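Undergrad: Below are the structure tokens for one structure; questions will follow.
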Amino acid sequence: MSTPYWGPDFGALAAFDPDIAGVVTDELDRLRGGLQLIASENFTSPAVLAALGSTLSNKYAEGYPGRRYYGGCEVVDRAEEIGIARARELFGAEHANLQPHSGANANLAAYGAFLRPGDTFLGMALPHGGHLTHGATVSFSGKWFNAVQYGVDPATEHIDYDQVRDLAREHRPRMIVAGGSAIPRLIDFAVFREIADEVGAVFMVDAAHFIGLVAGKAIPSPVPYADVVTFTTHKVLRGPRGGAIVCKAEHAKAIDKSAFPMMQGGPLMHAVAAKAVNFKECLQPAYQDYARQVVANAQALTAGLAEEGLRPVAGGTDTHLALLDLQETGVTGAEAEARCGAAGIVLNKNAIPFDPQPASVASGIRVGSPAVTTQGMTEGDMATIASLIGTAIRDVDGSRTAEVAAGVRELVEARPAYPEPARAV
Ligand code: DSN
């Protein structure tokens, strides 16, 4: 390295803009001060943050390495080439595109590669665990396409594969989408592939939630089965906020043309570089230990919550997240979120399948183990967290908030997030 690193100077930010510097430090305090159980969040590493806060943010690089619409891209090209090679190695993929700014953008790019407005696709309904971009009427996916929605079996709360097959035969979709944001159990990609082949559909997996577990070899990969796999890089994967796509070589051209210029303009080269750093982290053996612990912790947390009288939807979890039905407790998801939040336990209310409540109230909560596992917490800590959540949820008048908050403090002080000593500013 011939030039010294010119990276974030927090002192300069604090001197120039104390308002925003205060937001940054307050957010770090918030992260460190509570239990972060949002299933889609994590604590990314200092190496990833260094790439994100770099001068690569300055560069316009519309196009792809070696084929840009701007001069001066020869340096940032290297970041994208390294990142693509690492993504292909990590996921055993034939092609990778790291340019989508988010998961929704990655999905829009994938739809753009295979669908035209008005085309039919099959996706999982949001209230059953799917995602907004899988056909919800408020999203482009439900507005611009004929989105047919499948859900879970009411008895097992697992994906209803018979319904998927029946709907595919009836509607002959151009594409079938698997994946979602509140699916605690493994998805049978082989069955989806078989159904897609039977009706001649493209098979897409939105692996945003669980791709980190795939990278860490803790659960099976959709890559051998799917034509295209979209994902975000900031959930279990623990990289920068952003999206990415891997696909079969035969779809490479269509995906690349759809990501740029159909869906986006210039890529965020600092984010692309940070994705490359993250993939290198995930290629280390220690990441596989982390991924396995994420699952073990989610299972321990779910078992503990079941003991507290919260019913695990689908009977438990195979992944990083659990969905809990609170109806037996008489507490809504919104009340549970607020009561836990008051004591420093951050989680989200979540619709459960066939929920009688509107989404803004919800009968369930969703919890996830990625962030607390990054802090080094293990199964014993999960049992404590479950008991704290049980107490907080039943605390109608707030009389036990201080007690729960003290329990939270004990846990996060023993295993702090971002544990390095604070730097002077
Ligand atoms: N909003 C994300 C989640 O929390 O699951 C998915 O996009």
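Chain identifiers are assigned as A, B, and so on, following the order in which chains appear in the structure tokens; residues are numbered from 1 within each chain, and ligands are numbered from 1 in order of appearance.
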With only C-alpha atoms and all ligand atoms counted and 7 Å as the cut-off, give the residues of chain A in contact with ligand 1, each with its shortest interatomic distance in Å and the pair that gives it, as a tab-separated table.

TA:
residue	atom	partner	partner_atom_place_in_ligand_line	distance
A:Ile38	CA	ligand 1	4 (O)	7.0
A:Ala39	CA	ligand 1	4 (O)	6.5
A:Ser40	CA	ligand 1	4 (O)	4.7
A:Gly103	CA	ligand 1	7 (O)	6.6
A:His131	CA	ligand 1	6 (C)	6.7
A:Ser181	CA	ligand 1	5 (O)	4.3
A:Ala182	CA	ligand 1	5 (O)	6.8
A:His209	CA	ligand 1	5 (O)	6.8

Undergrad: Residues of the last selection are to be written out with N, CA and C atoms, as a PDB file, in the first residue's frame.

TA:
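Now in selection-v2.pdb:
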ATOM      1  N   ILE A  38     -33.745  -8.018  16.414  1.00  0.00           N
ATOM      2  CA  ILE A  38     -34.373  -7.915  15.096  1.00  0.00           C
ATOM      3  C   ILE A  38     -33.671  -8.943  14.196  1.00  0.00           C
ATOM      4  N   ALA A  39     -34.456  -9.866  13.620  1.00  0.00           N
ATOM      5  CA  ALA A  39     -33.862 -11.017  12.924  1.00  0.00           C
ATOM      6  C   ALA A  39     -33.070 -10.628  11.681  1.00  0.00           C
ATOM      7  N   SER A  40     -33.325  -9.429  11.167  1.00  0.00           N
ATOM      8  CA  SER A  40     -32.675  -9.004   9.919  1.00  0.00           C
ATOM      9  C   SER A  40     -31.498  -8.059  10.167  1.00  0.00           C
ATOM     10  N   GLY A 103     -32.085  -5.372  -0.973  1.00  0.00           N
ATOM     11  CA  GLY A 103     -32.774  -6.614  -1.337  1.00  0.00           C
ATOM     12  C   GLY A 103     -33.946  -6.361  -2.268  1.00  0.00           C
ATOM     13  N   HIS A 131     -42.525 -11.658   1.607  1.00  0.00           N
ATOM     14  CA  HIS A 131     -41.943 -10.309   1.668  1.00  0.00           C
ATOM     15  C   HIS A 131     -42.766  -9.383   0.795  1.00  0.00           C
ATOM     16  N   SER A 181     -39.553 -13.185   4.803  1.00  0.00           N
ATOM     17  CA  SER A 181     -38.924 -12.488   5.924  1.00  0.00           C
ATOM     18  C   SER A 181     -39.340 -13.044   7.289  1.00  0.00           C
ATOM     19  N   ALA A 182     -40.223 -14.032   7.308  1.00  0.00           N
ATOM     20  CA  ALA A 182     -40.603 -14.617   8.598  1.00  0.00           C
ATOM     21  C   ALA A 182     -40.886 -16.105   8.420  1.00  0.00           C
ATOM     22  N   HIS A 209     -32.849 -13.531   4.043  1.00  0.00           N
ATOM     23  CA  HIS A 209     -32.801 -13.803   5.482  1.00  0.00           C
ATOM     24  C   HIS A 209     -31.754 -14.841   5.851  1.00  0.00           C
TER      25      HIS A 209
END

Undergrad: Fewer than 4 positions away in the same chain doesn't count, so skip those; otherwise give me all residues within 7 Å of Gly266 in chain A, counting only C-alpha atoms, as a list of chain:residue names.

TA: A:Tyr60, A:Ala61, A:Glu62

Undergrad: Suppose we keep N, CA, C and O atoms; can you now write the selection as a PDB file, in the first residue's frame?

TA:
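Okay, this is what ended up in result29.pdb:
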ATOM      1  N   TYR A  60     -18.200   7.366  -9.754  1.00  0.00           N
ATOM      2  CA  TYR A  60     -19.283   6.914 -10.629  1.00  0.00           C
ATOM      3  C   TYR A  60     -18.761   5.776 -11.488  1.00  0.00           C
ATOM      4  O   TYR A  60     -17.712   5.909 -12.110  1.00  0.00           O
ATOM      5  N   ALA A  61     -19.451   4.680 -11.538  1.00  0.00           N
ATOM      6  CA  ALA A  61     -18.932   3.511 -12.258  1.00  0.00           C
ATOM      7  C   ALA A  61     -20.067   2.764 -12.953  1.00  0.00           C
ATOM      8  O   ALA A  61     -20.135   1.534 -12.888  1.00  0.00           O
ATOM      9  N   GLU A  62     -20.950   3.518 -13.627  1.00  0.00           N
ATOM     10  CA  GLU A  62     -22.046   2.826 -14.334  1.00  0.00           C
ATOM     11  C   GLU A  62     -21.459   1.824 -15.318  1.00  0.00           C
ATOM     12  O   GLU A  62     -20.509   2.137 -16.041  1.00  0.00           O
TER      13      GLU A  62
END

Undergrad: Given only C-alpha atoms as the basis, pick out the residue of A:Tyr418, A:Phe260, A:Tyr225, A:Tyr150 nearest to His128 in chain A.

TA: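 Distance minimum relative to His128 in chain A lands on A:Tyr150.
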
Undergrad: From the options A:Thr55, A:Ser369, A:Thr137, A:Gln357, which residue's atoms come nearest to Phe210 in chain A, counting only C-alpha atoms?

TA: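 Closest to Phe210 in chain A of all the choices is A:Ser369.
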
Undergrad: Give me, as number ranges by chain, all polymer residues having an atom no more than 10 Å from Gly200 in chain A, counting only C-alpha atoms and skipping those fewer than 2 positions away in the same chain.

TA: A: 168, 172-176, 194-198, 202-203
